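Listing of final.cif; format and content: mmCIF, C-alpha atoms.
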```cif
data_protein
loop_
_atom_site.label_atom_id
_atom_site.label_comp_id
_atom_site.auth_asym_id
_atom_site.auth_seq_id
_atom_site.Cartn_x
_atom_site.Cartn_y
_atom_site.Cartn_z
CA MET D 23 83.71 99.49 -17.30
CA GLU D 24 86.09 96.76 -18.47
CA ASN D 25 83.77 94.25 -20.09
CA LEU D 26 85.85 91.21 -20.99
CA GLY D 27 82.95 88.94 -21.87
CA VAL D 28 83.48 86.80 -18.78
CA THR D 29 80.36 84.98 -17.60
CA MET D 30 80.47 83.90 -13.96
CA PHE D 31 78.16 84.06 -10.94
CA GLY D 32 75.10 83.82 -13.16
CA ASP D 33 76.32 86.94 -15.00
CA ILE D 34 74.65 88.94 -12.22
CA TYR D 35 77.27 91.71 -12.04
CA ARG D 36 77.34 92.68 -15.71
CA GLY D 37 76.22 96.28 -16.13
CA LYS D 38 75.57 96.68 -12.39
CA LYS D 39 76.90 99.45 -10.16
CA VAL D 40 79.12 98.00 -7.44
CA LEU D 41 80.65 99.99 -4.58
CA VAL D 42 83.73 98.53 -2.88
CA THR D 43 84.90 100.11 0.36
CA GLY D 44 88.58 99.59 1.03
CA HIS D 45 89.23 99.30 -2.71
CA THR D 46 92.81 100.60 -2.45
CA GLY D 47 93.84 97.69 -0.23
CA PHE D 48 95.09 94.24 -1.13
CA LYS D 49 91.78 92.35 -1.16
CA GLY D 50 89.81 95.38 -2.34
CA THR D 51 91.97 95.84 -5.43
CA TRP D 52 91.70 92.17 -6.40
CA LEU D 53 87.91 92.33 -5.93
CA ALA D 54 87.52 95.52 -7.95
CA MET D 55 89.58 94.07 -10.79
CA TRP D 56 87.54 90.89 -10.84
CA LEU D 57 84.31 92.92 -10.92
CA LEU D 58 85.66 94.82 -13.93
CA ARG D 59 86.27 91.47 -15.68
CA LEU D 60 82.65 90.61 -14.92
CA GLY D 61 81.40 93.76 -16.64
CA ALA D 62 80.46 95.78 -13.55
CA ARG D 63 80.66 99.52 -13.14
CA VAL D 64 82.87 99.85 -10.06
CA ALA D 65 83.26 102.70 -7.57
CA GLY D 66 85.56 102.66 -4.57
CA LEU D 67 85.76 104.46 -1.23
CA SER D 68 88.96 104.34 0.82
CA ASP D 69 90.71 106.73 3.17
CA CYS D 70 94.22 106.31 1.75
CA ILE D 71 96.69 104.21 -0.20
CA PRO D 72 97.57 101.85 2.68
CA THR D 73 101.00 100.58 1.63
CA GLN D 74 104.02 101.37 -0.48
CA PRO D 75 104.32 99.67 -2.87
CA SER D 76 100.59 99.39 -3.52
CA ILE D 77 98.75 96.88 -5.67
CA PHE D 78 96.17 99.61 -6.32
CA GLU D 79 98.84 101.80 -7.89
CA GLU D 80 100.85 99.01 -9.53
CA THR D 81 97.77 97.80 -11.43
CA GLY D 82 96.63 101.30 -12.42
CA LEU D 83 93.21 100.71 -10.90
CA GLU D 84 92.47 104.38 -10.22
CA GLY D 85 92.07 105.09 -13.93
CA ARG D 86 89.69 102.16 -14.43
CA ILE D 87 87.04 102.80 -11.75
CA GLU D 88 85.30 105.69 -9.99
CA HIS D 89 87.85 106.30 -7.26
CA HIS D 90 87.02 108.32 -4.13
CA PHE D 91 89.01 109.05 -1.00
CA GLY D 92 86.97 109.15 2.19
CA ASP D 93 87.03 107.78 5.73
CA VAL D 94 84.34 105.24 6.62
CA ARG D 95 84.46 106.58 10.18
CA ASP D 96 82.77 109.76 8.90
CA LEU D 97 79.06 109.08 8.53
CA ASP D 98 78.35 111.94 6.11
CA THR D 99 81.13 110.75 3.80
CA VAL D 100 79.70 107.24 3.66
CA LYS D 101 76.11 108.44 3.26
CA ASN D 102 77.09 110.77 0.41
CA ALA D 103 79.11 108.07 -1.37
CA ILE D 104 76.26 105.55 -1.27
CA ALA D 105 73.49 108.06 -2.00
CA SER D 106 75.30 109.58 -4.98
CA PHE D 107 76.43 106.31 -6.59
CA GLN D 108 73.17 104.43 -5.90
CA PRO D 109 74.88 101.03 -6.00
CA ASP D 110 73.21 97.77 -6.86
CA PHE D 111 75.80 95.97 -4.73
CA VAL D 112 78.06 97.04 -1.86
CA PHE D 113 81.08 95.05 -0.72
CA HIS D 114 82.33 96.49 2.56
CA LEU D 115 86.01 95.65 2.99
CA ALA D 116 87.35 98.89 4.52
CA ALA D 117 89.10 97.98 7.77
CA GLN D 118 92.20 98.13 9.90
CA PRO D 119 93.30 94.57 9.07
CA ILE D 120 96.53 94.00 11.03
CA VAL D 121 96.63 92.29 14.43
CA SER D 122 99.95 93.89 15.45
CA VAL D 123 98.67 97.37 14.58
CA SER D 124 95.66 96.82 16.85
CA TYR D 125 98.06 96.61 19.80
CA ALA D 126 99.68 99.93 18.89
CA GLU D 127 96.50 101.69 17.72
CA PRO D 128 93.53 100.09 19.51
CA VAL D 129 91.19 103.08 19.24
CA ASP D 130 91.77 103.53 15.51
CA THR D 131 91.24 99.79 15.01
CA ILE D 132 87.94 99.83 16.89
CA THR D 133 86.60 102.98 15.30
CA THR D 134 87.49 101.84 11.78
CA ASN D 135 86.22 98.29 12.14
CA VAL D 136 83.17 98.92 14.30
CA ILE D 137 82.08 102.52 13.68
CA GLY D 138 83.01 102.23 10.00
CA THR D 139 80.83 99.16 9.64
CA THR D 140 78.02 100.90 11.50
CA ASN D 141 78.22 103.89 9.17
CA VAL D 142 77.92 101.69 6.08
CA LEU D 143 74.89 99.98 7.60
CA GLU D 144 73.32 103.32 8.48
CA ALA D 145 73.85 104.65 4.95
CA LEU D 146 72.27 101.48 3.56
CA ARG D 147 69.31 101.91 5.90
CA LEU D 148 68.56 105.25 4.23
CA LEU D 149 68.57 103.87 0.67
CA ASP D 150 65.29 103.91 -1.23
CA HIS D 151 66.24 101.43 -3.95
CA GLU D 152 67.13 97.75 -4.01
CA CYS D 153 70.68 96.93 -2.98
CA VAL D 154 72.65 93.86 -1.91
CA ALA D 155 75.38 94.35 0.70
CA VAL D 156 78.12 91.87 1.59
CA MET D 157 79.78 92.91 4.86
CA ILE D 158 83.27 91.44 5.22
CA THR D 159 84.62 90.72 8.69
CA SER D 160 87.17 88.00 9.51
CA ASP D 161 87.66 84.49 10.83
CA LYS D 162 89.18 86.26 13.85
CA CYS D 163 85.65 87.24 14.93
CA TYR D 164 85.34 83.86 16.66
CA GLU D 165 86.38 83.27 20.28
CA ASN D 166 89.42 81.14 19.47
CA VAL D 167 89.93 78.22 21.85
CA GLU D 168 92.30 76.52 19.36
CA TRP D 169 90.30 73.34 18.94
CA LEU D 170 91.05 71.01 16.05
CA TRP D 171 87.76 71.33 14.14
CA GLY D 172 86.56 74.33 12.17
CA TYR D 173 84.46 77.12 13.63
CA ARG D 174 80.84 77.29 12.47
CA GLU D 175 78.79 80.41 11.98
CA THR D 176 76.86 79.61 15.17
CA ASP D 177 79.97 79.43 17.37
CA HIS D 178 80.76 82.06 19.97
CA ILE D 179 81.90 85.51 18.81
CA GLY D 180 84.74 87.10 20.75
CA GLY D 181 88.44 87.86 20.70
CA ARG D 182 91.56 87.93 22.86
CA ASP D 183 93.12 90.88 21.07
CA VAL D 184 91.71 94.23 19.96
CA TYR D 185 91.63 93.31 16.29
CA SER D 186 89.65 90.11 16.94
CA GLY D 187 87.37 91.93 19.35
CA SER D 188 86.69 94.63 16.77
CA LYS D 189 85.69 92.03 14.19
CA GLY D 190 83.46 90.24 16.66
CA ALA D 191 81.86 93.57 17.56
CA ALA D 192 81.28 94.35 13.88
CA GLU D 193 79.42 91.05 13.52
CA VAL D 194 77.23 91.91 16.52
CA ILE D 195 76.40 95.31 14.96
CA ILE D 196 75.57 93.71 11.59
CA HIS D 197 73.27 91.25 13.33
CA ALA D 198 71.58 94.03 15.32
CA TYR D 199 71.03 96.23 12.25
CA TYR D 200 69.52 93.33 10.34
CA TRP D 201 67.02 92.53 13.09
CA SER D 202 66.26 96.21 13.77
CA PHE D 203 65.93 97.52 10.20
CA PHE D 204 66.62 95.11 7.35
CA ARG D 205 64.37 92.22 8.36
CA ALA D 206 61.16 94.02 7.40
CA PRO D 207 59.33 92.37 4.46
CA ASP D 208 59.32 95.61 2.46
CA CYS D 209 63.01 96.35 3.05
CA LYS D 210 64.89 96.97 -0.19
CA VAL D 211 68.31 96.09 1.22
CA ARG D 212 69.54 92.52 1.60
CA LEU D 213 72.74 91.92 3.50
CA ALA D 214 74.94 89.14 4.84
CA SER D 215 78.41 88.88 6.32
CA GLY D 216 81.39 86.96 5.00
CA ARG D 217 84.18 85.60 7.19
CA ALA D 218 87.59 84.49 5.94
CA GLY D 219 91.21 84.63 7.01
CA ASN D 220 94.82 83.67 6.37
CA VAL D 221 94.61 85.14 2.89
CA ILE D 222 97.76 85.34 0.80
CA GLY D 223 98.31 86.55 -2.73
CA GLY D 224 100.26 88.89 -4.96
CA GLY D 225 100.23 92.57 -4.09
CA ASP D 226 99.91 92.35 -0.33
CA TRP D 227 102.46 94.66 1.28
CA ALA D 228 100.83 95.06 4.70
CA LYS D 229 102.88 95.19 7.88
CA ASP D 230 103.79 92.08 9.90
CA ARG D 231 102.60 89.48 7.42
CA ILE D 232 104.93 86.57 6.91
CA VAL D 233 104.54 86.21 3.14
CA VAL D 234 105.01 89.97 2.67
CA ASP D 235 108.14 89.91 4.84
CA CYS D 236 109.53 87.04 2.75
CA MET D 237 108.96 88.75 -0.57
CA ARG D 238 110.45 92.07 0.56
CA ASN D 239 113.51 90.43 2.09
CA TRP D 240 114.10 87.96 -0.71
CA SER D 241 113.87 90.71 -3.30
CA GLU D 242 116.72 92.44 -1.42
CA GLY D 243 118.77 89.27 -0.98
CA LYS D 244 118.02 89.01 2.75
CA LYS D 245 116.78 86.20 4.96
CA VAL D 246 113.44 86.53 6.75
CA GLU D 247 112.95 85.95 10.48
CA ILE D 248 110.21 83.51 11.53
CA ARG D 249 108.75 84.09 15.00
CA SER D 250 106.26 81.19 15.12
CA PRO D 251 107.52 78.44 12.80
CA GLN D 252 105.03 75.81 13.98
CA ALA D 253 101.96 78.07 13.85
CA THR D 254 99.49 76.29 11.61
CA ARG D 255 97.16 78.13 9.25
CA PRO D 256 94.71 77.05 6.52
CA TRP D 257 96.41 79.22 3.88
CA GLN D 258 94.24 80.35 0.99
CA HIS D 259 94.80 82.47 -2.09
CA VAL D 260 92.97 85.80 -2.08
CA LEU D 261 90.73 84.72 -4.95
CA GLU D 262 89.20 81.94 -2.83
CA PRO D 263 87.29 84.17 -0.37
CA LEU D 264 86.60 86.70 -3.12
CA SER D 265 84.83 84.00 -5.13
CA GLY D 266 82.83 83.32 -1.98
CA TYR D 267 81.89 86.98 -1.51
CA LEU D 268 80.83 87.26 -5.15
CA THR D 269 78.85 84.02 -4.88
CA LEU D 270 77.16 85.35 -1.74
CA GLY D 271 76.25 88.64 -3.42
CA ALA D 272 74.75 86.83 -6.40
CA ALA D 273 72.80 84.44 -4.16
CA LEU D 274 71.44 87.31 -2.03
CA SER D 275 70.18 89.06 -5.12
CA ARG D 276 68.14 85.96 -6.03
CA ASN D 277 67.12 84.67 -2.61
CA PRO D 278 65.88 87.08 0.09
CA ALA D 279 65.82 84.24 2.63
CA LEU D 280 69.62 84.48 2.87
CA SER D 281 69.48 88.06 4.17
CA GLY D 282 70.84 88.43 7.68
CA GLU D 283 72.99 85.29 7.48
CA ALA D 284 76.74 84.90 8.01
CA PHE D 285 78.96 82.63 5.91
CA ASN D 286 82.47 81.23 6.31
CA PHE D 287 84.79 81.01 3.32
CA GLY D 288 87.93 78.95 3.67
CA PRO D 289 90.27 76.65 1.76
CA ARG D 290 90.20 72.90 1.40
CA ALA D 291 91.04 70.97 4.56
CA GLU D 292 94.42 69.90 3.14
CA GLN D 293 95.57 73.52 2.88
CA SER D 294 96.67 73.72 6.53
CA ARG D 295 100.44 74.05 6.77
CA THR D 296 102.89 75.38 9.32
CA VAL D 297 104.63 78.67 8.68
CA LEU D 298 107.86 76.69 8.22
CA GLU D 299 106.31 74.49 5.53
CA LEU D 300 104.81 77.46 3.69
CA LEU D 301 108.10 79.36 3.60
CA GLY D 302 109.99 76.30 2.41
CA ASP D 303 107.56 75.89 -0.49
CA LEU D 304 107.62 79.60 -1.37
CA SER D 305 111.42 79.67 -1.29
CA ARG D 306 111.69 76.93 -3.90
CA HIS D 307 109.81 79.12 -6.37
CA TRP D 308 112.41 81.82 -5.71
CA HIS D 309 115.16 79.33 -6.64
CA PHE D 310 116.91 79.19 -3.28
CA ALA D 311 119.38 76.32 -3.12
CA SER D 312 118.27 75.48 0.43
CA PRO D 313 115.74 76.83 2.97
CA ASP D 314 118.63 77.97 5.21
CA GLN D 315 119.34 80.70 2.67
CA ALA D 316 115.76 81.96 2.84
CA TYR D 317 114.84 82.19 6.53
CA GLU D 318 115.89 81.77 10.14
CA VAL D 319 113.87 81.14 13.29
CA THR D 320 113.81 83.79 16.02
CA GLY D 321 112.24 83.72 19.47
CA ASN D 322 110.99 87.31 19.15
CA ILE D 323 107.20 87.13 19.60
CA PRO D 324 106.05 90.70 20.40
CA PHE D 325 102.31 89.96 20.67
CA HIS D 326 99.87 87.07 21.07
CA GLU D 327 99.20 85.02 17.95
CA ALA D 328 96.75 82.14 17.74
CA GLY D 329 98.32 78.77 17.11
CA LEU D 330 95.41 77.31 15.15
CA LEU D 331 92.22 78.74 13.67
CA LYS D 332 90.22 77.25 10.83
CA LEU D 333 86.67 77.50 9.54
CA ASN D 334 83.91 75.04 8.78
CA CYS D 335 82.45 76.06 5.40
CA ASP D 336 79.62 73.53 5.17
CA LYS D 337 76.99 76.27 5.33
CA ALA D 338 78.40 77.99 2.22
CA LEU D 339 78.49 74.65 0.41
CA PHE D 340 74.89 73.80 1.36
CA HIS D 341 73.19 77.16 0.80
CA LEU D 342 75.44 78.75 -1.86
CA ARG D 343 76.98 75.67 -3.50
CA TRP D 344 80.32 77.37 -2.94
CA GLU D 345 83.54 75.47 -2.42
CA ALA D 346 87.22 76.36 -2.62
CA ASN D 347 89.01 75.90 -5.91
CA LEU D 348 92.81 75.81 -5.60
CA ASP D 349 94.97 73.10 -4.13
CA TYR D 350 97.88 74.11 -1.93
CA ALA D 351 100.54 73.77 -4.64
CA ASN D 352 98.70 76.09 -7.04
CA CYS D 353 98.07 78.59 -4.27
CA VAL D 354 101.80 78.79 -3.49
CA ARG D 355 102.70 78.97 -7.17
CA LEU D 356 100.37 81.88 -7.91
CA VAL D 357 101.61 83.86 -4.91
CA SER D 358 105.27 83.27 -5.74
CA GLU D 359 104.80 84.03 -9.43
CA TRP D 360 103.13 87.38 -8.78
CA TYR D 361 105.89 88.70 -6.53
CA TYR D 362 108.75 87.15 -8.49
CA ARG D 363 107.59 88.78 -11.71
CA TYR D 364 107.07 92.09 -9.92
CA TYR D 365 110.49 92.20 -8.29
CA ARG D 366 112.60 90.32 -10.85
CA GLU D 367 110.90 91.01 -14.19
CA GLN D 368 109.09 94.36 -13.70
CA ALA D 369 106.05 92.80 -15.35
CA ASP D 370 102.80 94.56 -16.28
CA MET D 371 101.01 93.93 -13.00
CA HIS D 372 97.54 94.77 -14.30
CA ALA D 373 97.92 92.20 -17.06
CA LEU D 374 99.43 89.62 -14.70
CA THR D 375 96.72 90.08 -12.09
CA MET D 376 93.97 89.75 -14.69
CA ALA D 377 95.72 86.68 -16.10
CA GLN D 378 95.80 85.05 -12.66
CA ILE D 379 92.10 85.77 -12.19
CA GLY D 380 91.47 84.19 -15.60
CA GLU D 381 93.53 81.13 -14.68
CA TYR D 382 91.62 80.78 -11.43
CA GLU D 383 88.31 80.97 -13.32
CA GLU D 384 89.46 78.36 -15.83
CA GLN D 385 90.53 75.92 -13.12
CA ALA D 386 87.21 76.39 -11.31
CA ALA D 387 85.24 75.86 -14.52
CA ALA D 388 87.22 72.72 -15.29
CA ARG D 389 86.30 71.39 -11.85
CA GLY D 390 82.64 72.18 -12.53
CA LEU D 391 82.24 74.56 -9.57
CA ALA D 392 78.72 76.00 -9.42
CA TRP D 393 79.71 79.69 -9.30
CA THR D 394 81.38 79.47 -12.69
CA ARG D 395 78.01 79.15 -14.39
#
```
Go ahead and render the structure in this file as structure tokens.
Amino acid sequence: MENLGVTMFGDIYRGKKVLVTGHTGFKGTWLAMWLLRLGARVAGLSDCIPTQPSIFEETGLEGRIEHHFGDVRDLDTVKNAIASFQPDFVFHLAAQPIVSVSYAEPVDTITTNVIGTTNVLEALRLLDHECVAVMITSDKCYENVEWLWGYRETDHIGGRDVYSGSKGAAEVIIHAYYWSFFRAPDCKVRLASGRAGNVIGGGDWAKDRIVVDCMRNWSEGKKVEIRSPQATRPWQHVLEPLSGYLTLGAALSRNPALSGEAFNFGPRAEQSRTVLELLGDLSRHWHFASPDQAYEVTGNIPFHEAGLLKLNCDKALFHLRWEANLDYANCVRLVSEWYYRYYREQADMHALTMAQIGEYEEQAAARGLAWTR
């Protein structure tokens, strides 16, 4: 346990046992590190180290938590992990998270995202002690008709690609398990789902992600190819949805009426930018003299990508008093700084990541955001 004396989220996680599935991934590592700052005892379950380089390895997280390899698609593995650790909280992030990979590996995507989620729910159903579970899906769970307003939690679930369909299916399974098993008054498990997307941040090295492609290429002195320069996304730093997930977990522990609900977590409305705008802003932090040195536009679009998808987060504001923290400029700065210091300065990435979490907390506290108390 890495108790740094940080008091956030009502200090609910201090001294608690928290299991994170998918802890070796990009978002999972950031979440596990933040939980350590909050004084939690953290265990993780993942099937592999998903990328090279890996934020999990670069931050030395394995030596700081209870680290376990295991596939969420294997029910016995999940049941044993949860039964042996007896967590107070579970954050289920383990997933196949890449749209392009879902085209090449549709069965693996579906089994990981749907069967894996089912196995976590089944293991929770068998618990005999109180536990709060936050099940993470994606903004891609919505049937995307590319309208201009944000999707609400009551909008239609669906998907035009296997990845989106798998996330929509996971939401249906979560809903069904709640109504079948977790809705009973004497149930000791409370759960809810969290939906977010277009997450960027230091330490993401996943395939076919535009920010990752930029950082790899720029570190090698190469331009990056942009396939959809006008695609618009509400970009958000990884800590934004993570603050939402942690807020949701804390609220569930206090308020059983929230069990079974789904919540969107997204950035401020002004965060929406085209891919071209985002890359231009990132490139300035890498000291390119002009954008032409950093990227070029290509017509190679190998699979369908949505042109616009954003979330309405009013429900999280009303019920959880959660709202996003960073403005667009600070989001871009934090992302650029993390990669620049990794590639150009060989910085201590554990210290830098913790420092960025601390800076994020300080900015949120200065703005008076409710979860900082």
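If you look at CA of Phe111 in chain D and CA of His341 in chain D, they are 19.8 Å away from each other.
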Since I can't run it myself right now, could you work out what the PyMOL selection byres ((chain D and resi 169) around 12) selects here and report it as a CSV table (one decimal) with C-alpha atoms, keeping the file's coordinate frame?
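File selection_19.csv, as written:
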```csv
chain,number,residue,atom,x,y,z
D,164,TYR,CA,85.3,83.9,16.7
D,165,GLU,CA,86.4,83.3,20.3
D,166,ASN,CA,89.4,81.1,19.5
D,167,VAL,CA,89.9,78.2,21.8
D,168,GLU,CA,92.3,76.5,19.4
D,170,LEU,CA,91.0,71.0,16.0
D,171,TRP,CA,87.8,71.3,14.1
D,172,GLY,CA,86.6,74.3,12.2
D,173,TYR,CA,84.5,77.1,13.6
D,328,ALA,CA,96.8,82.1,17.7
D,329,GLY,CA,98.3,78.8,17.1
D,330,LEU,CA,95.4,77.3,15.2
D,331,LEU,CA,92.2,78.7,13.7
D,332,LYS,CA,90.2,77.2,10.8
D,333,LEU,CA,86.7,77.5,9.5
```
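A straight line drawn from CA of Gly66 in chain D to CA of Leu41 in chain D is 5.6 Å long.
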Per residue of range 312-388 of chain D within 10 Å of range 225-235 of chain D, which atom pair is closest and at what distance in Å (one decimal), using only C-alpha atoms, listed by chain and increasing number, as a tab-separated table?
```
residue	atom	partner	partner_atom	distance
D:Val357	CA	D:Gly225	CA	8.9
D:Ser358	CA	D:Val233	CA	9.4
D:Trp360	CA	D:Gly225	CA	7.6
D:Tyr361	CA	D:Gly225	CA	7.3
D:Tyr364	CA	D:Gly225	CA	9.0
D:Met371	CA	D:Gly225	CA	9.0
D:Thr375	CA	D:Gly225	CA	9.1
```
Can you list, as a ChimeraX atom specification, the residues that the PyMOL selection byres ((chain D and resi 107) around 10) selects here? /D:39-41,64-65,88,102-106,108-110
Can you put all heavy atoms back into range 111-120 of chain D and show it as a short mmCIF file (atom, residue, chain, number, x, y, z; two decimals), in the coordinates of the input?
```
data_model
loop_
_atom_site.label_atom_id
_atom_site.label_comp_id
_atom_site.auth_asym_id
_atom_site.auth_seq_id
_atom_site.Cartn_x
_atom_site.Cartn_y
_atom_site.Cartn_z
N PHE D 111 75.10 96.84 -5.67
CA PHE D 111 75.80 95.97 -4.73
C PHE D 111 76.81 96.81 -3.95
O PHE D 111 77.43 97.72 -4.50
CB PHE D 111 76.57 94.85 -5.46
CG PHE D 111 75.70 93.84 -6.14
CD1 PHE D 111 75.26 94.06 -7.45
CD2 PHE D 111 75.32 92.67 -5.50
CE1 PHE D 111 74.46 93.12 -8.09
CE2 PHE D 111 74.52 91.73 -6.14
CZ PHE D 111 74.09 91.96 -7.44
N VAL D 112 77.00 96.46 -2.69
CA VAL D 112 78.06 97.04 -1.86
C VAL D 112 78.86 95.90 -1.26
O VAL D 112 78.29 94.96 -0.69
CB VAL D 112 77.49 97.92 -0.73
CG1 VAL D 112 78.60 98.34 0.24
CG2 VAL D 112 76.78 99.14 -1.29
N PHE D 113 80.18 95.97 -1.40
CA PHE D 113 81.08 95.05 -0.72
C PHE D 113 81.91 95.89 0.25
O PHE D 113 82.72 96.71 -0.17
CB PHE D 113 81.98 94.32 -1.71
CG PHE D 113 81.26 93.30 -2.55
CD1 PHE D 113 80.67 93.68 -3.75
CD2 PHE D 113 81.15 91.98 -2.14
CE1 PHE D 113 79.99 92.75 -4.53
CE2 PHE D 113 80.47 91.05 -2.91
CZ PHE D 113 79.89 91.44 -4.12
N HIS D 114 81.66 95.68 1.55
CA HIS D 114 82.33 96.49 2.56
C HIS D 114 83.57 95.77 3.07
O HIS D 114 83.48 94.83 3.85
CB HIS D 114 81.37 96.78 3.72
CG HIS D 114 82.02 97.49 4.87
ND1 HIS D 114 82.74 98.66 4.70
CD2 HIS D 114 82.07 97.19 6.20
CE1 HIS D 114 83.20 99.05 5.88
NE2 HIS D 114 82.81 98.17 6.79
N LEU D 115 84.74 96.23 2.59
CA LEU D 115 86.01 95.65 2.99
C LEU D 115 86.88 96.61 3.79
O LEU D 115 87.91 96.21 4.34
CB LEU D 115 86.82 95.19 1.76
CG LEU D 115 86.46 93.85 1.11
CD1 LEU D 115 85.13 93.95 0.37
CD2 LEU D 115 87.56 93.40 0.17
N ALA D 116 86.51 97.89 3.84
CA ALA D 116 87.35 98.89 4.52
C ALA D 116 87.54 98.51 5.98
O ALA D 116 86.57 98.27 6.70
CB ALA D 116 86.71 100.27 4.41
N ALA D 117 88.81 98.44 6.41
CA ALA D 117 89.10 97.98 7.77
C ALA D 117 90.54 98.28 8.13
O ALA D 117 91.38 98.56 7.26
CB ALA D 117 88.85 96.48 7.88
N GLN D 118 90.82 98.21 9.43
CA GLN D 118 92.20 98.13 9.90
C GLN D 118 92.47 96.64 10.05
O GLN D 118 91.96 96.02 10.97
CB GLN D 118 92.35 98.87 11.24
CG GLN D 118 93.81 99.09 11.68
CD GLN D 118 94.61 97.81 11.91
OE1 GLN D 118 95.31 97.33 11.00
NE2 GLN D 118 94.49 97.22 13.08
N PRO D 119 93.27 96.03 9.16
CA PRO D 119 93.30 94.57 9.07
C PRO D 119 94.47 93.87 9.78
O PRO D 119 94.60 92.66 9.63
CB PRO D 119 93.43 94.36 7.56
CG PRO D 119 94.29 95.51 7.12
CD PRO D 119 93.94 96.66 8.03
N ILE D 120 95.30 94.58 10.51
CA ILE D 120 96.53 94.00 11.03
C ILE D 120 96.46 93.81 12.54
O ILE D 120 96.21 94.77 13.28
CB ILE D 120 97.75 94.87 10.68
CG1 ILE D 120 97.75 95.23 9.18
CG2 ILE D 120 99.04 94.17 11.06
CD1 ILE D 120 97.83 94.04 8.26
#
```
